[in-house]
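Visitor: Provided herewith is a single structure, encoded as structure tokens, for subsequent inquiry.
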Amino acid sequence: MDLPCNDGTRRIKAANGTDVIVIGAGLSGLMAAVNAVNAGAKVRLIAQGWGQPMITPGWISVCDRANDDVIAEVRGYAAMHPEHPYGRAGADAMLCGVQTFQDVARAVGLPYDMRKKDGHNLHLSTALGAIQRPMLAPRGMANGDLTDVTETVLLVGFNGWRDFYPQLAVDNLRAQGIQARAMMLDLPEQPHTWDQWPVDLARMFDSADFCASVIRQLRRKVKGVEKIGFPAVLGLERPMPVLDHLSEQIARLVFEIPTLPPSVPGVRLCNRLRRWLLRQGARVQIGHRVVRSITDGNHCSAVQVKALGHLNTFSADQFILATGDLYNAGIQSDEIGRLWEPVLGLPVEAPDGDERENWYRDNLLRRRGHPVHRVTGLRVDEKLRPVGVNGEPVYDNVYAVGSLLAGFNPITDGCAEGIQLATAYKAVQVALGLYEDTPAKAAKK
Amino acid sequence: MAGEKMTMNDNHSALIHQTAFTADHCLKCNICTAACPVAPLTPLFPGPKTVGPQAQRLREPGQPSPDHAVEYCSGCGICTLVCPHGVRVMEINTQAKAQMTETHGMSLRNWFLSRNELWGRLGTPFAPLMNFGVRSRLLRWLAERIFGISARGPLPGWAGYTFRGWWNKQLKRYPRPEPDGDANRVVYFHGCSSNTYEPHIAQTAVAVLERIGLHVEIPPQTCCGLPAQSNGDFTAARRYARTNIKALVGYARRGIPIVGTSASCMTAIKGDYEHVLGLDDADARLVAANTYDFMEFLWKLHAEGRLPLDFQPLERELPYHAPCQLKAHGMGRPALDVLDLVPGLRVWEIDADCCGIAGTYGYKAEKREIAEGVGWPIAEQVYEVGADTVVCDTETCRWQITSLTGTTTIHPVQLVAEAYGISLENYRPPVVSKAPAESPVAQKGW
């Protein structure tokens with residue numbers, strides 16, 4: 001199912017000649033780079049290391065709490081909460097952000113699917129058997145939608161692999177009324193005794209021999225089974241053929257469940273987007289820590305990277321800050337509770353009282369999360385430019401996107417990826433001067 | 001009010017500066033393990049996190065190192081680049097290797113591989129004989145059997161003359177006028193390879209610098225020390241490093257930039273002397289701060305409006321490999337940025353972490369297969385487009401790429417020289433005007 005998105009994005013080369021620097025290689029940074037490349041800009045992606053997709057499940061939460069029409073829910077919420085990142089970006093930007101993401105993911109051979117029948121939130125199991133409700137997931141995960149499951153769900157683990165225990169998930173799924181059972185398969189004998197990480201298993205699945213042994217072990221044991229869940233390790237280099245091959249040979253729908261880090265779906269996505277960006281002529285500079293900026297009044301002309309021997313200067317017309325929240329490098333703190341934004345020294349919203357003890361509540365797994373995660377971040381204007389205490393944008397060509405923004409809790413709100421995609425899309429549109437030309441406004445002209 | 005704004009990241013970095021202590025920032029997220037190009041290819045290497053920050057907790061100065069697996073780290077440094085928390089994984093591993101070498105001694109083979117500077121010099125007068133040896137299958141087979149130097153490792157040939165010899169003759173034949181002041185001076189660091197194996201690259205580089213209008217100085221110098229360092233021989237590496245720092249620091253004090261065409265030698269001088277070898281003094285830092293990779297230097301000249309842009313169009317499309325050690329510079333891809341200025345030329349970056357050779361790693365018999373596996377994505381992408389030439393900034397990578405793909409490999413400076421219409425045949429320096437050429441437009445970005 002495709003989203004109804006048609007605005008300025010497809011006008012390739014519209015922004016030819018504009019240089020854009022995107023800082024951060026998480027989902028919002030990568031997608032800001034992709035959107036800018038699509039619009040014809042010259043893009044330099046600079047990041048200290050790989051970002052959050054490498055350790056998050058890999059699905060796209062837009063509004064987990066929506067029971068039916070996700071888009072309508074976001075539209076309503078955005079209209080009522082102009083200060084919320086969705087309010088700042090607008091529901092249209094969310095639609096287009098998700099659409100451009102789906103397009104590029106499909107182009108690099110990693111299709112992301114919504115719930116087949118209506119596009120509403122998927123119901124996907126975590127490794128603990130909790131149900132999460134993202135709107136979009138890599139095909140392997142979306143296959144695991146539990147909405148209308150009538151027969152048994154079989155969860156498969158591997159003997160001796162300590163990162164996934166199917167029985168644990170099965171017990172929790174049963175407690176929620178889902179028929180499920182667990183099964184353990186054998187891994188081939190290992191020539192060494194190192195830990196196996198999810199990427200190691202994923203590489204095993206890339207080999208036809210290993211897939212064949214999995215199929216052999218499973219084939220006769222799937223009577224009454226509707227779908228089969230594996231940890232998300234079904235191939236690193238060729239996940240789609242592996243998924244199709246397993247589904248076909250076992251004659252059941254095969255799906256993936258997120259694992260402990262590193263997240264194989266994230267590794268797949270980051271690797272393929274990097275290759276895509278390089279082929280489009282963008283620079284992808286991972287391992288470059290931006291430490292300073294060169295500014296003139298309210299204009300930023302360059303950023304400087306901590307390099308070997310000396311600082312290196314990278315200049316551009318527009319800067320998109322996608323450096324992440326307090327858990328990433330976007331906001332930093334110290335033991336006495338100071339908070340700062342390390343690239344441009346932008347003003348950071350802090351929880352009331354400014355004392356570190358006010359950041360948290362006593363209960364670690366508090367449902368609404370801790371104040372520090374909701375409050376801390378950058379406040380932006382309707383063009384996503386960070387603002388100072390006076391409410392005016394600090395720089396006319398710096399935009400903040402993704403989890404760096406204040407006003408939502410990326411951990412508990414169930415909309416982190418939606419906000420990342422929405423703001424990454426909108427910031428690029430504004431930065432490249434395409435924003436004013438949205439169809440509605442163009443029609444008025 | 002123009003100015004550079006320093007933020008708290010600068011102050012903060014002092015705390016996590018020391019390589020070993022960066023291990024404290026490791027969250028065990030395994031992003032480095034997922035990115036490591038070596039770990040998937042051998043069961044003997046459990047991955048950078050395991051032998052790096054994880055094992056680091058068990059390492060104490062003067063104590064034996066906990067495991068031998070670190071030997072299989074190629075030192076490409078991809079782990080350090082992908083780490084979002086600033087852990088210097090590769091540097092920790094390299095230091096652990098040195099600790100291993102200290103405890104268990106060094107093999108004759110590793111000693112041999114870490115003295116390429118010596119072999120370059122000694123072999124030059126006997127170039128035809130040496131080249132015969134390098135190309136003889138029987139001798140290479142014997143070298144593999146006896147010393148463990150892979151028969152498939154792409155050893156270079158001797159040119160039969162040295163770049164320094166050529167340069168001295170040049171100076172005699174065409175004495176360069178001394179410029180006033182230091183503004184237009186530049187020091188060229190050729191490294192061992194461009195002195196004895198590929199002098200044409202150094203000649204091209206010098207010709208490009210002179211074409212730009214700079215006065216080139218080539219002080220005595222020795223191996224950068226990287227081969228010794230990556231084989232765990234820190235004593236020798238520090239000796240090389242000290243010699244170079246002593247030779248270069250006088251120029252650095254005068255603010256004269258030091259440039260080199262080997263991106264890996266430049267990595268050593270700019271970063272490893274401090275972060276790996278621990279030479280953390282004012283002289284070492286001053287030299288590091290004034291040292292530039294050749295293409296980085298050209299890009300800097302461009303940013304300052306000092307790079308002449310009268311390039312002849314080159315209607316070509318070429319793949320480019322950014323060596324792992326170049327990625328570590330934190331300078332982006334200056335070769336691509338500069339070559340983008342040449343009309344008609346389209347150079348695109350191959351998506352690959354490392355060519356596999358990693359200095360001397362790929363010459364070791366037991367590691368040759370791993371090295372070929374690491375570099376294979378380059379071959380795949382080169383075959384995919386059917387390119388006959390690959391651009392790359394570091395010598396061993398070029399040799400490795402040639403051996404993997406059968407293509408010609410060139411240094412980006414060779415394209416710059418071609419675009420400037422420079423010929424090395426009967427080379428004469430251009431007449432130097434007092435002021436360097438001003439480029440017509442104010443430069444920004446690319």
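The chains in the structure tokens are called A, B, ... from first to last as shown; in each chain the residues are counted from 1, and the ligands are counted from 1 in the order shown.
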Output as a list in words all residues of range 7-71 of chain A that backbone DSSP marks as strand (DSSP E).
Guide: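 Answer for range 7-71 of chain A, restricted to strand (DSSP E): Asp19, Val20, Ile21, Val22, Ile23, Lys42, Val43, Arg44, Leu45, Ile46 and Ala47 of chain A.
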Visitor: With all heavy atoms kept, could you save the residues just selected as a JSON list (two decimals), in the first residue's frame?
Guide:
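File written: again34.json
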```
[["chain", "number", "residue", "atom", "x", "y", "z"],
["A", 19, "ASP", "N", 24.75, 23.38, -1.57],
["A", 19, "ASP", "CA", 25.50, 22.42, -0.78],
["A", 19, "ASP", "C", 24.81, 22.23, 0.56],
["A", 19, "ASP", "O", 24.47, 23.21, 1.22],
["A", 19, "ASP", "CB", 26.91, 22.96, -0.48],
["A", 19, "ASP", "CG", 27.70, 23.20, -1.75],
["A", 19, "ASP", "OD1", 27.24, 22.77, -2.81],
["A", 19, "ASP", "OD2", 28.77, 23.81, -1.65],
["A", 20, "VAL", "N", 24.62, 20.97, 0.91],
["A", 20, "VAL", "CA", 23.99, 20.67, 2.19],
["A", 20, "VAL", "C", 24.93, 19.79, 3.01],
["A", 20, "VAL", "O", 25.46, 18.80, 2.49],
["A", 20, "VAL", "CB", 22.65, 19.93, 1.98],
["A", 20, "VAL", "CG1", 22.03, 19.55, 3.31],
["A", 20, "VAL", "CG2", 21.69, 20.78, 1.17],
["A", 21, "ILE", "N", 25.15, 20.16, 4.24],
["A", 21, "ILE", "CA", 25.85, 19.27, 5.16],
["A", 21, "ILE", "C", 24.83, 18.72, 6.14],
["A", 21, "ILE", "O", 24.08, 19.47, 6.76],
["A", 21, "ILE", "CB", 26.99, 20.01, 5.89],
["A", 21, "ILE", "CG1", 28.19, 20.16, 4.93],
["A", 21, "ILE", "CG2", 27.42, 19.24, 7.15],
["A", 21, "ILE", "CD1", 29.38, 20.86, 5.53],
["A", 22, "VAL", "N", 24.79, 17.40, 6.23],
["A", 22, "VAL", "CA", 23.94, 16.74, 7.20],
["A", 22, "VAL", "C", 24.86, 16.15, 8.26],
["A", 22, "VAL", "O", 25.83, 15.47, 7.93],
["A", 22, "VAL", "CB", 23.11, 15.61, 6.55],
["A", 22, "VAL", "CG1", 22.27, 14.90, 7.59],
["A", 22, "VAL", "CG2", 22.24, 16.15, 5.43],
["A", 23, "ILE", "N", 24.58, 16.44, 9.53],
["A", 23, "ILE", "CA", 25.43, 15.91, 10.60],
["A", 23, "ILE", "C", 24.66, 14.84, 11.35],
["A", 23, "ILE", "O", 23.61, 15.11, 11.95],
["A", 23, "ILE", "CB", 25.87, 17.03, 11.55],
["A", 23, "ILE", "CG1", 26.52, 18.16, 10.75],
["A", 23, "ILE", "CG2", 26.84, 16.49, 12.60],
["A", 23, "ILE", "CD1", 26.71, 19.43, 11.55],
["A", 42, "LYS", "N", 23.96, 18.97, -3.55],
["A", 42, "LYS", "CA", 25.22, 18.29, -3.27],
["A", 42, "LYS", "C", 25.28, 18.05, -1.77],
["A", 42, "LYS", "O", 25.14, 18.99, -0.98],
["A", 42, "LYS", "CB", 26.40, 19.15, -3.69],
["A", 42, "LYS", "CG", 26.55, 19.24, -5.19],
["A", 42, "LYS", "CD", 27.71, 20.15, -5.53],
["A", 42, "LYS", "CE", 28.03, 20.08, -7.01],
["A", 42, "LYS", "NZ", 29.11, 21.02, -7.35],
["A", 43, "VAL", "N", 25.48, 16.83, -1.39],
["A", 43, "VAL", "CA", 25.30, 16.46, 0.01],
["A", 43, "VAL", "C", 26.58, 15.88, 0.61],
["A", 43, "VAL", "O", 27.26, 15.07, -0.02],
["A", 43, "VAL", "CB", 24.17, 15.42, 0.15],
["A", 43, "VAL", "CG1", 24.00, 15.01, 1.60],
["A", 43, "VAL", "CG2", 22.87, 15.97, -0.40],
["A", 44, "ARG", "N", 26.87, 16.35, 1.80],
["A", 44, "ARG", "CA", 27.96, 15.77, 2.58],
["A", 44, "ARG", "C", 27.37, 15.32, 3.91],
["A", 44, "ARG", "O", 26.88, 16.14, 4.68],
["A", 44, "ARG", "CB", 29.02, 16.85, 2.81],
["A", 44, "ARG", "CG", 30.41, 16.33, 3.04],
["A", 44, "ARG", "CD", 31.35, 17.46, 3.40],
["A", 44, "ARG", "NE", 31.87, 18.23, 2.28],
["A", 44, "ARG", "CZ", 32.89, 17.85, 1.52],
["A", 44, "ARG", "NH1", 33.50, 16.73, 1.74],
["A", 44, "ARG", "NH2", 33.31, 18.60, 0.52],
["A", 45, "LEU", "N", 27.41, 14.01, 4.13],
["A", 45, "LEU", "CA", 26.91, 13.46, 5.39],
["A", 45, "LEU", "C", 28.11, 13.25, 6.31],
["A", 45, "LEU", "O", 29.05, 12.53, 5.96],
["A", 45, "LEU", "CB", 26.20, 12.14, 5.12],
["A", 45, "LEU", "CG", 25.65, 11.37, 6.33],
["A", 45, "LEU", "CD1", 24.44, 12.08, 6.90],
["A", 45, "LEU", "CD2", 25.26, 9.96, 5.95],
["A", 46, "ILE", "N", 28.10, 13.90, 7.46],
["A", 46, "ILE", "CA", 29.22, 13.81, 8.39],
["A", 46, "ILE", "C", 28.72, 13.25, 9.71],
["A", 46, "ILE", "O", 27.73, 13.74, 10.25],
["A", 46, "ILE", "CB", 29.85, 15.21, 8.63],
["A", 46, "ILE", "CG1", 30.21, 15.87, 7.30],
["A", 46, "ILE", "CG2", 31.07, 15.10, 9.52],
["A", 46, "ILE", "CD1", 30.82, 17.26, 7.45],
["A", 47, "ALA", "N", 29.38, 12.23, 10.23],
["A", 47, "ALA", "CA", 28.90, 11.64, 11.49],
["A", 47, "ALA", "C", 30.07, 11.06, 12.28],
["A", 47, "ALA", "O", 31.04, 10.59, 11.71],
["A", 47, "ALA", "CB", 27.88, 10.54, 11.20]]
```
Visitor: Using only C-alpha atoms, select each residue of chain A with any atom at most 8 Å away from an atom of chain B, and give the selection as a PyMOL selection string.
Guide: chain A and resi 19+42+48-51+54-55+191-192+194-195+199-200+203+261-262+267+274-275+278-279+281+283-289+291-297+305-310+312+314-317+328-329+340+342-345
Visitor: Go through A:Leu146, A:Ala169, A:Cys96, A:Ala350 one by one, measure the shortest atom-to-atom distance of each to Gly129 in chain A using only C-alpha atoms, and give the residue with the smallest value.
Guide: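 Under the stated criterion, the closest residue is A:Ala169.
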Visitor: Between CA of Val430 in chain A and CA of Pro347 in chain A, what is the distance in Å, rounded to a tenth?
Guide: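 Atom-to-atom, CA of Val430 in chain A and CA of Pro347 in chain A are spaced 21.4 Å apart.
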Visitor: If we count only C-alpha atoms, what is near Val153 in chain A at a cut-off of 6 Å, once residues fewer than 5 positions away on the same chain are taken out, given as a PyMOL selection string?
Guide: chain A and resi 180+225-228
Visitor: With a distance cut-off of 9 Å and only C-alpha atoms, select the neighbouring residues of range 355-361 of chain A, excluding the residue or stretch itself and same-chain residues fewer than 6 positions from it, and output the selection as a VMD selection string.
Guide: chain A and resid 335 to 338 369 to 373
Visitor: Mind dumping the selected residues with N, CA, C and O atoms as a PDB file, in the first residue's frame?
Guide:
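Written file, again19.pdb:
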```
ATOM      1  N   GLU A 335      28.008  15.566  35.157  1.00  0.00           N
ATOM      2  CA  GLU A 335      27.517  15.037  36.425  1.00  0.00           C
ATOM      3  C   GLU A 335      26.784  16.069  37.261  1.00  0.00           C
ATOM      4  O   GLU A 335      26.054  15.718  38.185  1.00  0.00           O
ATOM      5  N   ILE A 336      26.949  17.360  36.958  1.00  0.00           N
ATOM      6  CA  ILE A 336      26.201  18.344  37.744  1.00  0.00           C
ATOM      7  C   ILE A 336      24.949  18.820  37.015  1.00  0.00           C
ATOM      8  O   ILE A 336      24.308  19.776  37.437  1.00  0.00           O
ATOM      9  N   GLY A 337      24.602  18.144  35.919  1.00  0.00           N
ATOM     10  CA  GLY A 337      23.315  18.418  35.311  1.00  0.00           C
ATOM     11  C   GLY A 337      23.314  19.510  34.252  1.00  0.00           C
ATOM     12  O   GLY A 337      22.259  19.995  33.865  1.00  0.00           O
ATOM     13  N   ARG A 338      24.494  19.884  33.769  1.00  0.00           N
ATOM     14  CA  ARG A 338      24.496  20.831  32.655  1.00  0.00           C
ATOM     15  C   ARG A 338      24.171  20.075  31.378  1.00  0.00           C
ATOM     16  O   ARG A 338      24.566  18.922  31.219  1.00  0.00           O
ATOM     17  N   GLY A 369       7.530   7.610  30.957  1.00  0.00           N
ATOM     18  CA  GLY A 369       8.941   7.930  30.793  1.00  0.00           C
ATOM     19  C   GLY A 369       9.411   8.927  31.821  1.00  0.00           C
ATOM     20  O   GLY A 369       8.666   9.289  32.745  1.00  0.00           O
ATOM     21  N   HIS A 370      10.631   9.392  31.669  1.00  0.00           N
ATOM     22  CA  HIS A 370      11.221  10.326  32.629  1.00  0.00           C
ATOM     23  C   HIS A 370      11.249  11.729  32.022  1.00  0.00           C
ATOM     24  O   HIS A 370      11.406  11.862  30.808  1.00  0.00           O
ATOM     25  N   PRO A 371      11.105  12.742  32.861  1.00  0.00           N
ATOM     26  CA  PRO A 371      10.980  14.105  32.319  1.00  0.00           C
ATOM     27  C   PRO A 371      12.125  14.471  31.365  1.00  0.00           C
ATOM     28  O   PRO A 371      11.911  15.168  30.379  1.00  0.00           O
ATOM     29  N   VAL A 372      13.323  13.978  31.675  1.00  0.00           N
ATOM     30  CA  VAL A 372      14.473  14.396  30.869  1.00  0.00           C
ATOM     31  C   VAL A 372      14.305  14.020  29.401  1.00  0.00           C
ATOM     32  O   VAL A 372      14.734  14.742  28.507  1.00  0.00           O
ATOM     33  N   HIS A 373      13.619  12.910  29.156  1.00  0.00           N
ATOM     34  CA  HIS A 373      13.494  12.470  27.763  1.00  0.00           C
ATOM     35  C   HIS A 373      12.440  13.261  26.992  1.00  0.00           C
ATOM     36  O   HIS A 373      12.530  13.417  25.788  1.00  0.00           O
TER      37      HIS A 373
END
```
Visitor: Skipping near chain neighbours, those fewer than 3 positions away, what residues fall within 12 Å of Arg57 in chain B using only C-alpha atoms, listed as a count of residues only?
Guide: 18
Visitor: For Leu277 in chain A, which residue out of A:Ala422, A:Asp186, A:Ala25, A:Pro410 is the nearest one, using only C-alpha atoms?
Guide: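 Going through A:Ala422, A:Asp186, A:Ala25, A:Pro410 one by one, the smallest distance to Leu277 in chain A is for A:Ala25.
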Visitor: So which residues touch range 189-206 of chain B within 9 Å, counting only C-alpha atoms, skipping near sequence neighbours fewer than 3 positions away, as a tab-separated table (two decimals) with N, CA and C atoms, in the first residue's frame?
Guide:
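New file part.tsv:
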```
chain	number	residue	atom	x	y	z
B	116	ASN	N	60.60	-1.97	4.92
B	116	ASN	CA	60.54	-1.74	3.47
B	116	ASN	C	61.43	-0.59	3.03
B	117	GLU	N	61.68	0.32	3.95
B	117	GLU	CA	62.53	1.46	3.65
B	117	GLU	C	63.94	0.96	3.29
B	118	LEU	N	64.41	0.01	4.10
B	118	LEU	CA	65.74	-0.57	3.90
B	118	LEU	C	65.81	-1.31	2.57
B	120	GLY	N	63.94	-0.97	-0.01
B	120	GLY	CA	63.82	-0.02	-1.13
B	120	GLY	C	65.17	0.54	-1.50
B	121	ARG	N	65.92	0.96	-0.49
B	121	ARG	CA	67.23	1.57	-0.76
B	121	ARG	C	68.24	0.55	-1.25
B	123	GLY	N	67.77	-2.32	-2.63
B	123	GLY	CA	67.44	-3.01	-3.87
B	123	GLY	C	67.63	-2.15	-5.11
B	124	THR	N	67.58	-0.83	-4.96
B	124	THR	CA	67.58	0.04	-6.13
B	124	THR	C	68.74	-0.21	-7.11
B	156	PRO	N	55.81	-4.81	-4.90
B	156	PRO	CA	56.12	-3.86	-5.97
B	156	PRO	C	57.45	-4.21	-6.63
B	157	GLY	N	57.74	-3.54	-7.73
B	157	GLY	CA	59.05	-3.69	-8.35
B	157	GLY	C	59.89	-2.45	-8.06
B	158	TRP	N	61.19	-2.60	-8.17
B	158	TRP	CA	62.07	-1.44	-7.98
B	158	TRP	C	62.15	-0.64	-9.28
B	159	ALA	N	62.14	0.67	-9.15
B	159	ALA	CA	62.17	1.50	-10.35
B	159	ALA	C	63.58	1.55	-10.94
B	160	GLY	N	64.58	1.30	-10.14
B	160	GLY	CA	65.95	1.36	-10.64
B	160	GLY	C	66.57	2.73	-10.45
B	161	TYR	N	65.79	3.71	-10.08
B	161	TYR	CA	66.33	5.03	-9.72
B	161	TYR	C	65.49	5.55	-8.57
B	162	THR	N	66.00	6.53	-7.87
B	162	THR	CA	65.21	7.06	-6.75
B	162	THR	C	64.68	8.44	-7.10
B	163	PHE	N	63.57	8.74	-6.47
B	163	PHE	CA	63.00	10.08	-6.65
B	163	PHE	C	63.98	11.13	-6.16
B	164	ARG	N	64.63	10.86	-5.04
B	164	ARG	CA	65.57	11.85	-4.49
B	164	ARG	C	66.71	12.13	-5.45
B	165	GLY	N	67.20	11.04	-6.11
B	165	GLY	CA	68.27	11.21	-7.10
B	165	GLY	C	67.79	12.11	-8.24
B	166	TRP	N	66.58	11.83	-8.70
B	166	TRP	CA	65.99	12.63	-9.80
B	166	TRP	C	65.87	14.09	-9.38
B	167	TRP	N	65.42	14.30	-8.17
B	167	TRP	CA	65.20	15.66	-7.67
B	167	TRP	C	66.53	16.42	-7.57
B	209	LEU	N	52.84	20.66	-7.66
B	209	LEU	CA	53.08	21.73	-6.69
B	209	LEU	C	53.77	22.91	-7.37
B	210	GLU	N	54.72	22.61	-8.27
B	210	GLU	CA	55.42	23.70	-8.96
B	210	GLU	C	54.49	24.40	-9.94
B	211	ARG	N	53.60	23.63	-10.53
B	211	ARG	CA	52.62	24.22	-11.46
B	211	ARG	C	51.71	25.21	-10.72
B	216	VAL	N	59.10	23.95	-3.71
B	216	VAL	CA	59.10	22.66	-3.04
B	216	VAL	C	60.42	22.40	-2.33
B	218	ILE	N	62.49	19.38	-0.12
B	218	ILE	CA	62.43	17.95	0.18
B	218	ILE	C	63.55	17.61	1.16
B	219	PRO	N	63.30	17.77	2.45
B	219	PRO	CA	64.34	17.50	3.44
B	219	PRO	C	64.60	16.00	3.54
B	221	GLN	N	64.55	12.42	5.03
B	221	GLN	CA	63.44	11.81	5.76
B	221	GLN	C	63.60	10.31	5.72
B	222	THR	N	62.86	9.63	6.56
B	222	THR	CA	62.93	8.17	6.54
B	222	THR	C	61.52	7.60	6.50
B	223	CYS	N	61.43	6.29	6.62
B	223	CYS	CA	60.12	5.63	6.65
B	223	CYS	C	59.24	6.28	7.72
B	224	CYS	N	57.94	6.39	7.46
B	224	CYS	CA	57.04	7.00	8.44
B	224	CYS	C	56.93	6.16	9.69
B	258	ILE	N	53.56	20.59	5.30
B	258	ILE	CA	54.25	19.36	4.89
B	258	ILE	C	53.20	18.50	4.21
B	259	VAL	N	53.45	18.12	2.97
B	259	VAL	CA	52.44	17.34	2.25
B	259	VAL	C	53.04	16.04	1.74
B	260	GLY	N	52.19	15.03	1.61
B	260	GLY	CA	52.66	13.74	1.13
B	260	GLY	C	51.61	13.04	0.31
B	261	THR	N	52.08	12.23	-0.64
B	261	THR	CA	51.15	11.55	-1.54
B	261	THR	C	50.74	10.18	-1.03
B	262	SER	N	51.35	9.71	0.04
B	262	SER	CA	50.91	8.44	0.59
B	262	SER	C	49.99	8.72	1.78
B	265	CYS	N	51.18	7.09	5.07
B	265	CYS	CA	52.29	7.76	5.77
B	265	CYS	C	51.77	8.99	6.50
B	266	MET	N	50.85	9.70	5.84
B	266	MET	CA	50.32	10.92	6.45
B	266	MET	C	49.48	10.59	7.69
B	294	PHE	N	48.20	14.96	0.38
B	294	PHE	CA	48.39	15.78	-0.81
B	294	PHE	C	47.08	16.37	-1.33
B	395	GLU	N	49.79	3.51	-1.84
B	395	GLU	CA	50.48	2.60	-2.74
B	395	GLU	C	50.09	1.13	-2.56
B	396	THR	N	50.14	0.64	-1.30
B	396	THR	CA	49.86	-0.80	-1.15
B	396	THR	C	48.43	-1.12	-1.58
B	410	ILE	N	45.90	4.33	-10.33
B	410	ILE	CA	46.64	5.59	-10.34
B	410	ILE	C	46.34	6.39	-9.08
B	411	HIS	N	47.28	7.27	-8.75
B	411	HIS	CA	47.06	8.21	-7.65
B	411	HIS	C	46.27	9.40	-8.20
B	413	VAL	N	46.65	12.41	-7.89
B	413	VAL	CA	47.51	13.50	-8.36
B	413	VAL	C	47.85	13.31	-9.84
B	414	GLN	N	47.84	12.07	-10.31
B	414	GLN	CA	48.15	11.84	-11.72
B	414	GLN	C	47.05	12.42	-12.61
B	417	ALA	N	47.58	16.18	-12.60
B	417	ALA	CA	48.69	16.53	-13.50
B	417	ALA	C	48.23	16.47	-14.95
B	422	ILE	N	50.56	18.49	-17.55
B	422	ILE	CA	51.95	18.33	-17.14
B	422	ILE	C	52.53	17.05	-17.73
B	423	SER	N	53.74	17.16	-18.26
B	423	SER	CA	54.42	15.97	-18.74
B	423	SER	C	55.75	15.85	-17.99
B	424	LEU	N	56.09	14.63	-17.61
B	424	LEU	CA	57.36	14.44	-16.89
B	424	LEU	C	58.53	14.25	-17.84
```
Visitor: Sorted by chain and rising residue number, which residues of range 339-382 of chain A lie within 7 Å of range 391-404 of chain A, and what are their closest atom pairs and distances in Å to one decimal, counting only C-alpha atoms, as JSON lines?
Guide:
```
{"residue": "A:Gly377", "atom": "CA", "partner": "A:Leu404", "partner_atom": "CA", "distance": 5.3}
{"residue": "A:Leu378", "atom": "CA", "partner": "A:Leu404", "partner_atom": "CA", "distance": 6.2}
{"residue": "A:Asp381", "atom": "CA", "partner": "A:Pro393", "partner_atom": "CA", "distance": 6.8}
```
Visitor: Selected residues, N, CA and C atoms, written as a compact mmCIF listing (two decimals), in the first residue's frame, please.
Guide:
```txt
# COMPACT_ATOMS: atom_id res chain seq x y z
N GLY A 377 16.03 18.80 24.70
CA GLY A 377 16.18 18.84 23.25
C GLY A 377 16.20 20.27 22.77
N LEU A 378 16.14 20.44 21.47
CA LEU A 378 16.14 21.78 20.90
C LEU A 378 14.72 22.18 20.55
N ASP A 381 11.52 26.60 15.37
CA ASP A 381 10.38 27.33 14.81
C ASP A 381 9.67 26.45 13.77
```
